[in-house]
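Below is the file start_19.txt, which contains compact mmCIF, C-alpha atoms.
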# COMPACT_ATOMS: atom_id res chain seq x y z
CA MET A 1 74.01 101.43 137.78
CA CYS A 2 76.85 103.87 137.56
CA LEU A 3 80.06 102.11 138.30
CA GLU A 4 82.70 104.65 137.76
CA PRO A 5 83.35 108.00 136.34
CA GLN A 6 80.39 108.38 134.14
CA CYS A 7 78.18 105.85 132.66
CA GLU A 8 75.76 105.99 129.86
CA GLY A 9 72.60 104.94 131.54
CA ASN A 10 70.06 102.34 130.95
CA LEU A 11 66.66 103.90 130.32
CA GLU A 12 65.89 103.44 133.98
CA HIS A 13 67.37 106.81 134.76
CA LEU A 14 65.17 108.69 132.38
CA GLY A 15 64.17 110.65 135.41
CA PRO A 16 67.45 112.41 135.83
CA VAL A 17 69.56 110.29 133.61
CA TYR A 18 72.70 110.06 135.65
CA CYS A 19 75.62 108.31 134.38
CA ARG A 20 75.67 104.63 134.78
CA PHE A 21 76.76 101.72 132.73
CA SER A 22 74.16 99.74 130.87
CA LEU A 23 74.74 96.97 133.34
CA MET A 24 72.35 94.28 132.40
CA VAL A 25 72.03 90.77 133.75
CA PRO A 26 70.91 87.65 131.90
CA LEU A 27 68.55 85.14 133.33
CA HIS A 28 71.34 82.65 133.86
CA ALA A 29 73.04 84.12 136.93
CA ALA A 30 76.77 84.49 137.11
CA GLN A 31 78.89 81.55 138.11
CA GLN A 32 80.35 82.81 141.37
CA PRO A 33 83.86 81.83 142.41
CA PRO A 34 83.64 79.25 145.20
CA THR A 35 85.62 81.48 147.54
CA TRP A 36 83.06 84.29 147.49
CA LYS A 37 80.08 84.24 149.86
CA ASP A 38 77.30 86.78 149.95
CA SER A 39 77.63 88.40 153.36
CA SER A 40 74.32 90.27 153.29
CA PRO A 41 71.99 88.73 155.91
CA HIS A 42 69.16 87.76 153.61
CA THR A 43 67.50 84.57 152.53
CA THR A 44 66.46 84.05 148.91
CA ARG A 45 63.34 82.53 147.43
CA PHE A 46 61.61 82.59 144.07
CA VAL A 47 57.95 83.47 143.64
CA THR A 48 55.97 82.52 140.54
CA VAL A 49 54.05 85.57 139.30
CA ASP A 50 53.12 84.54 135.77
CA LYS A 51 53.42 81.60 133.41
CA ASP A 52 57.10 80.56 133.44
CA VAL A 53 58.10 83.75 135.29
CA ARG A 54 59.56 83.55 138.78
CA LEU A 55 60.90 86.58 140.64
CA GLU A 56 63.84 86.59 143.01
CA VAL A 57 62.76 87.80 146.46
CA LEU A 58 65.25 88.64 149.20
CA ASP A 59 64.23 88.59 152.86
CA TRP A 60 66.44 90.44 155.36
CA GLY A 61 64.14 89.67 158.28
CA GLY A 62 63.37 92.27 160.92
CA PHE A 63 60.57 93.35 163.20
CA GLY A 64 57.39 95.28 162.55
CA ARG A 65 55.42 96.23 159.46
CA PRO A 66 56.57 94.68 156.15
CA LEU A 67 58.65 97.02 153.99
CA VAL A 68 59.26 95.98 150.37
CA LEU A 69 62.18 97.50 148.44
CA LEU A 70 61.91 97.83 144.65
CA ALA A 71 65.12 98.32 142.70
CA GLY A 72 65.63 100.83 139.93
CA GLY A 73 65.63 99.63 136.34
CA GLY A 74 68.78 97.73 135.46
CA ASP A 75 69.42 96.80 139.08
CA THR A 76 68.53 93.78 141.18
CA ALA A 77 67.31 93.60 144.76
CA HIS A 78 70.95 93.00 145.79
CA VAL A 79 71.58 96.72 145.30
CA PHE A 80 69.94 97.09 148.74
CA ASP A 81 72.24 94.56 150.43
CA ASP A 82 73.79 97.16 152.72
CA PHE A 83 70.85 99.56 153.01
CA ALA A 84 68.12 97.04 153.89
CA PRO A 85 69.64 95.76 157.17
CA LYS A 86 69.63 99.35 158.51
CA LEU A 87 65.81 99.19 158.42
CA THR A 88 65.27 95.79 160.05
CA PRO A 89 65.08 97.11 163.64
CA SER A 90 61.75 98.72 162.74
CA PHE A 91 60.49 96.73 159.72
CA HIS A 92 60.51 93.28 158.21
CA VAL A 93 62.36 94.08 155.01
CA TYR A 94 62.05 92.36 151.62
CA GLY A 95 63.43 93.13 148.16
CA ILE A 96 62.15 92.15 144.72
CA THR A 97 64.12 91.80 141.48
CA ARG A 98 61.70 92.63 138.65
CA ARG A 99 61.12 90.32 135.70
CA GLY A 100 63.78 90.34 133.03
CA PHE A 101 66.62 91.27 135.38
CA GLY A 102 69.11 89.41 137.52
CA GLU A 103 67.97 85.91 138.33
CA SER A 104 64.28 86.69 137.84
CA GLY A 105 62.47 85.12 134.91
CA PHE A 106 61.31 86.98 131.84
CA SER A 107 58.45 87.07 129.39
CA PRO A 108 58.00 89.99 126.99
CA GLU A 109 54.27 89.37 126.67
CA GLY A 110 52.24 92.13 128.26
CA TYR A 111 55.32 93.83 129.68
CA GLY A 112 54.33 97.24 130.99
CA ALA A 113 53.78 99.40 134.05
CA ASP A 114 50.68 97.64 135.31
CA ARG A 115 52.12 94.20 134.56
CA LEU A 116 55.12 95.08 136.73
CA GLY A 117 52.78 96.39 139.40
CA ASP A 118 50.83 93.13 139.25
CA ASP A 119 54.09 91.22 139.73
CA VAL A 120 54.68 93.06 142.99
CA LEU A 121 51.13 92.31 144.11
CA ALA A 122 51.64 88.62 143.30
CA VAL A 123 54.71 88.58 145.55
CA LEU A 124 52.75 90.27 148.35
CA ASP A 125 50.08 87.58 148.01
CA ALA A 126 52.59 84.73 147.96
CA LEU A 127 54.30 86.04 151.10
CA ASN A 128 50.96 86.95 152.72
CA LEU A 129 52.10 90.52 153.32
CA LYS A 130 49.24 92.71 154.50
CA LYS A 131 49.33 96.45 153.77
CA PRO A 132 53.10 96.81 153.47
CA VAL A 133 55.05 99.96 152.81
CA LEU A 134 56.66 100.02 149.37
CA ALA A 135 59.94 101.87 148.85
CA GLY A 136 61.18 102.12 145.28
CA HIS A 137 64.24 103.60 143.64
CA SER A 138 64.02 105.26 140.22
CA LEU A 139 61.85 103.12 137.91
CA GLY A 140 60.46 101.42 141.00
CA GLY A 141 58.28 104.52 141.27
CA GLU A 142 56.32 103.34 138.24
CA GLU A 143 55.36 100.09 139.95
CA MET A 144 54.42 101.88 143.17
CA SER A 145 52.20 104.40 141.37
CA SER A 146 50.55 101.61 139.40
CA ILE A 147 49.59 99.81 142.60
CA ALA A 148 48.56 102.96 144.49
CA THR A 149 46.35 104.13 141.63
CA ARG A 150 44.55 100.83 141.15
CA TYR A 151 44.67 99.17 144.57
CA PRO A 152 45.32 101.81 147.25
CA SER A 153 43.86 99.60 149.98
CA ARG A 154 46.63 97.02 149.43
CA ILE A 155 49.40 99.27 150.76
CA THR A 156 50.02 101.55 153.74
CA GLY A 157 52.45 104.02 152.24
CA LEU A 158 55.02 104.72 149.55
CA VAL A 159 58.60 105.97 149.57
CA TYR A 160 59.87 107.37 146.25
CA LEU A 161 63.66 107.29 146.33
CA GLU A 162 64.55 109.52 143.37
CA ALA A 163 61.55 107.81 141.84
CA GLY A 164 58.96 110.56 141.47
CA TYR A 165 59.64 111.27 137.80
CA PRO A 166 57.13 111.23 134.89
CA TYR A 167 56.97 107.43 134.78
CA ALA A 168 55.57 107.64 138.33
CA PHE A 169 53.68 110.95 138.32
CA ASP A 170 52.58 112.92 135.28
CA ASN A 171 49.56 115.20 135.47
CA GLY A 172 50.50 117.15 132.35
CA LYS A 173 51.86 120.12 134.30
CA GLY A 174 55.50 119.11 134.61
CA PRO A 175 58.41 118.04 132.41
CA THR A 176 57.85 115.25 129.92
CA MET A 177 59.69 111.97 129.62
CA LYS A 178 61.16 113.24 126.36
CA GLU A 179 62.70 116.20 128.14
CA PHE A 180 64.39 113.87 130.59
CA GLN A 181 65.47 111.61 127.74
CA ASP A 182 67.02 114.57 125.94
CA LEU A 183 68.78 115.59 129.14
CA LYS A 184 71.10 112.59 129.06
CA ASN A 185 72.60 113.86 125.80
CA LEU A 186 74.08 116.77 127.75
CA ALA A 187 75.82 114.59 130.34
CA PRO A 188 79.63 114.44 130.12
CA GLN A 189 80.90 111.09 128.91
CA ALA A 190 83.69 109.03 130.45
CA PRO A 191 85.19 105.66 129.55
CA PRO A 192 84.11 102.52 131.39
CA PRO A 193 86.42 101.06 134.03
CA GLY A 194 89.23 98.91 132.78
CA GLY A 195 92.70 97.64 133.61
CA SER A 196 93.37 97.45 137.33
CA ALA A 197 89.75 98.33 138.17
CA LEU A 198 88.73 94.96 136.74
CA ALA A 199 91.37 92.93 138.55
CA SER A 200 88.84 91.95 141.21
CA PHE A 201 85.46 92.97 142.52
CA ALA A 202 87.18 94.62 145.45
CA ALA A 203 89.15 96.74 142.98
CA LEU A 204 85.96 97.60 141.10
CA ARG A 205 84.31 98.71 144.32
CA GLN A 206 87.26 101.00 145.00
CA ALA A 207 87.01 102.38 141.45
CA CYS A 208 83.36 103.21 142.10
CA LEU A 209 84.29 104.95 145.32
CA ARG A 210 86.97 107.02 143.60
CA GLY A 211 84.73 107.96 140.71
CA LEU A 212 81.47 108.54 142.55
CA GLY A 213 82.20 109.12 146.20
CA PHE A 214 80.18 106.03 147.16
CA THR A 215 80.18 102.42 146.04
CA TYR A 216 78.05 99.28 145.63
CA LEU A 217 78.21 96.03 147.52
CA GLU A 218 79.87 93.12 145.82
CA GLY A 219 76.65 91.13 145.65
CA GLU A 220 75.12 93.60 143.20
CA LEU A 221 78.31 93.96 141.16
CA ARG A 222 78.40 90.18 140.74
CA GLN A 223 74.86 90.35 139.38
CA GLN A 224 75.97 92.95 136.86
CA PHE A 225 79.26 91.40 135.70
CA SER A 226 80.41 87.89 134.96
CA THR A 227 83.45 86.47 136.73
CA THR A 228 86.48 85.04 134.97
CA SER A 229 88.01 81.73 136.01
CA ASP A 230 90.79 83.57 137.85
CA GLY A 231 88.37 85.78 139.79
CA ARG A 232 88.66 88.92 137.68
CA VAL A 233 85.68 91.02 136.68
CA GLY A 234 84.36 89.74 133.37
CA LYS A 235 81.96 91.12 130.79
CA GLN A 236 78.88 93.15 131.55
CA ARG A 237 75.73 91.08 131.43
CA ASP A 238 72.69 91.65 129.26
CA PHE A 239 69.25 92.08 130.80
CA PRO A 240 66.53 90.69 128.52
CA GLY A 241 64.12 93.13 130.14
CA ASP A 242 66.12 96.19 129.16
CA ALA A 243 64.72 96.46 125.64
CA VAL A 244 61.11 96.55 126.89
CA MET A 245 61.56 98.20 130.27
CA LEU A 246 59.63 101.37 129.41
CA GLN A 247 56.95 99.75 127.30
CA GLY A 248 53.40 100.16 128.53
CA MET A 249 54.11 103.36 130.47
CA LYS A 250 51.10 105.20 131.86
CA LYS A 251 50.51 108.69 133.16
CA TYR A 252 49.72 108.27 136.82
CA ALA A 253 48.23 111.43 138.32
CA ASP A 254 46.41 110.18 141.42
CA ILE A 255 48.37 108.78 144.36
CA PRO A 256 45.83 108.52 147.19
CA VAL A 257 48.07 107.03 149.89
CA PRO A 258 50.66 108.60 152.21
CA ALA A 259 53.89 109.12 150.29
CA LEU A 260 57.40 110.35 150.88
CA ALA A 261 59.21 111.58 147.78
CA ILE A 262 62.94 112.25 148.01
CA PHE A 263 64.54 114.19 145.16
CA ALA A 264 68.22 115.02 144.70
CA ILE A 265 68.31 118.72 143.78
CA PRO A 266 70.76 119.55 142.39
CA HIS A 267 72.20 116.16 141.52
CA ALA A 268 75.81 115.30 142.17
CA GLN A 269 77.77 114.41 139.04
CA GLY A 270 80.46 112.34 140.69
CA LYS A 271 83.94 112.99 142.00
CA TRP A 272 85.44 112.28 138.60
CA VAL A 273 83.70 115.35 137.13
CA ASN A 274 84.85 117.60 139.96
CA ASP A 275 88.40 116.30 139.63
CA SER A 276 88.56 116.60 135.83
CA THR A 277 90.80 119.23 134.26
CA ASP A 278 89.36 118.66 130.78
CA PRO A 279 87.57 121.88 129.73
CA LYS A 280 85.14 119.89 127.56
CA VAL A 281 84.11 117.76 130.52
CA ARG A 282 83.64 120.83 132.68
CA GLU A 283 81.63 122.58 129.98
CA ALA A 284 79.39 119.55 129.47
CA ALA A 285 78.97 119.15 133.23
CA LYS A 286 77.95 122.79 133.60
CA ALA A 287 75.35 122.55 130.81
CA PHE A 288 73.99 119.28 132.16
CA SER A 289 73.78 120.58 135.71
CA ALA A 290 71.89 123.71 134.68
CA ALA A 291 69.33 121.79 132.60
CA ASP A 292 69.00 119.06 135.20
CA LEU A 293 68.36 121.58 137.97
CA VAL A 294 65.51 123.17 136.01
CA LEU A 295 63.79 119.90 135.11
CA THR A 296 64.18 118.22 138.49
CA THR A 297 63.05 121.32 140.37
CA ARG A 298 59.93 121.49 138.20
CA GLN A 299 59.15 117.82 138.65
CA ALA A 300 59.53 117.97 142.43
CA LYS A 301 57.21 120.98 142.61
CA VAL A 302 54.60 119.34 140.38
CA PHE A 303 54.72 116.20 142.52
CA GLU A 304 54.39 118.27 145.69
CA ASP A 305 51.45 120.28 144.37
CA GLY A 306 49.72 117.36 142.67
CA VAL A 307 49.93 114.75 145.42
CA PRO A 308 48.23 116.10 148.58
CA THR A 309 49.25 112.97 150.50
CA ALA A 310 52.97 113.48 149.78
CA HIS A 311 55.82 114.87 151.81
CA VAL A 312 58.53 116.00 149.40
CA VAL A 313 62.17 116.21 150.51
CA ARG A 314 64.92 117.81 148.45
CA LEU A 315 68.47 116.65 149.20
CA ARG A 316 71.10 119.00 147.86
CA GLY A 317 74.02 117.43 146.01
CA ALA A 318 72.85 113.82 146.35
CA ASP A 319 73.35 111.20 143.66
CA HIS A 320 70.51 109.53 141.79
CA TYR A 321 71.38 106.53 143.97
CA VAL A 322 70.36 108.69 146.89
CA TYR A 323 70.10 105.85 149.40
CA LEU A 324 73.77 105.07 148.76
CA SER A 325 75.23 108.56 148.46
CA ASN A 326 73.14 110.00 151.33
CA GLU A 327 72.23 106.95 153.36
CA ALA A 328 71.92 108.73 156.72
CA ASP A 329 69.66 111.43 155.26
CA VAL A 330 67.40 108.89 153.58
CA LEU A 331 67.13 106.70 156.67
CA ARG A 332 66.28 109.73 158.79
CA GLU A 333 63.57 110.92 156.41
CA MET A 334 62.12 107.44 155.96
CA LYS A 335 61.95 106.71 159.67
CA SER A 336 60.39 110.10 160.40
CA PHE A 337 57.78 109.68 157.69
CA LEU A 338 56.96 106.06 158.45
CA SER A 339 56.55 106.82 162.15
CA THR A 340 53.46 108.86 161.21
CA ILE A 341 51.77 105.97 159.38
CA ARG A 342 49.32 103.86 161.30
Encoded form using structure tokens:
Amino acid sequence: MCLEPQCEGNLEHLGPVYCRFSLMVPLHAAQQPPTWKDSSPHTTRFVTVDKDVRLEVLDWGGFGRPLVLLAGGGDTAHVFDDFAPKLTPSFHVYGITRRGFGESGFSPEGYGADRLGDDVLAVLDALNLKKPVLAGHSLGGEEMSSIATRYPSRITGLVYLEAGYPYAFDNGKGPTMKEFQDLKNLAPQAPPPGGSALASFAALRQACLRGLGFTYLEGELRQQFSTTSDGRVGKQRDFPGDAVMLQGMKKYADIPVPALAIFAIPHAQGKWVNDSTDPKVREAAKAFSAADLVLTTRQAKVFEDGVPTAHVVRLRGADHYVYLSNEADVLREMKSFLSTIR
């Protein structure tokens, strides 16, 4: 999650690696100040998916076909706290926090793409969800492709929200994961938020807005940071799943279900880059943008050509967190696409 100016990302953004902090959450959730209450209209339950591993599942309610949201790597399902309710008029919306992150349990044994896909299937079974639509951000594309490749009859459709990168689709004709990994070395670097930005979570949200042009709801920020006794933003948390997040990757090249893939081309780099007067920042931003445009354009084209069931949308100047930076565009494209699925 990118919280301000730039952030050096968790490996989750190895599709376009856009700045974010390595915001990682331990299994023991943050002690929340008694005065704060999560205002997002969801209920929370925990579903056992493996020995000693329970996953946090959020339920925003709604009407219609089940729609399950999968967070990007490093994030929790709370990252959808504002986005999910916009979908409840047409869908019953759920969100899953993957193992090793947020309040979900963790076991390093067998960690990998198909294990994560199996976790999602276990949640679908526990909730008795029949043929849902899965919508995943970033690394969530890996889990969706795992399920679609192995069990296409279990799902109705897929929505790749900046999630159609090599961890989700790789037929050998597009960029490699290494190329995307190398890309992050070109990104301009900026210091993490500090001082007044950490005075409160409200201040941190405003810092995000100033640096990025959009912000995150407090529920997700409280998953990512501890809280001091006086209500200030504390230390970043460590996700135990971060060190193994990309283990067990596979090259998925067959996605035989209807799919919508939204790519940000070219990617926004944040207001802080545009506002910077530092020539080194501008030079790094220019180099990063040029390389990013080439790789992302290639990947989108390979996805489009290689997945006959897919509708590929390119949103100009969107952030990697496309459903936050371009919410209206994403909702429009999702609703249009999902209206065609029977």
Requested in this report: For atom CA of Ser200 of chain A and atom CA of Lys86 of chain A, quote the distance in Å rounded to one decimal.
Outcome: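 Rounded to one decimal, the two atoms are 26.9 Å apart.
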Requested in this report: Could you please determine the separation between atom CA of Leu69 of chain A and atom CA of Leu331 of chain A in Å, to one decimal place?
Outcome: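 If I compute the distance from atom CA of Leu69 of chain A to atom CA of Leu331 of chain A, I get 13.3 Å.
Note that atom CA of Gly141 of chain A and atom CA of Val47 of chain A are 21.2 Å apart.
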Requested in this report: Find the residues near Leu87 of chain A: any atom within 9 Å, counting only C-alpha atoms, skip ones fewer than 2 places away on the same chain, and give them as a PyMOL selection string.
Outcome: chain A and resi 62+67+83-85+89-93+331+335
**Report entry** For Gly100 of chain A: contacts at 6 Å, all atoms listed in the file, fewer than 5 positions along chain excluded, given as a ChimeraX atom specification
**Finding:** /A:105-106,240-241
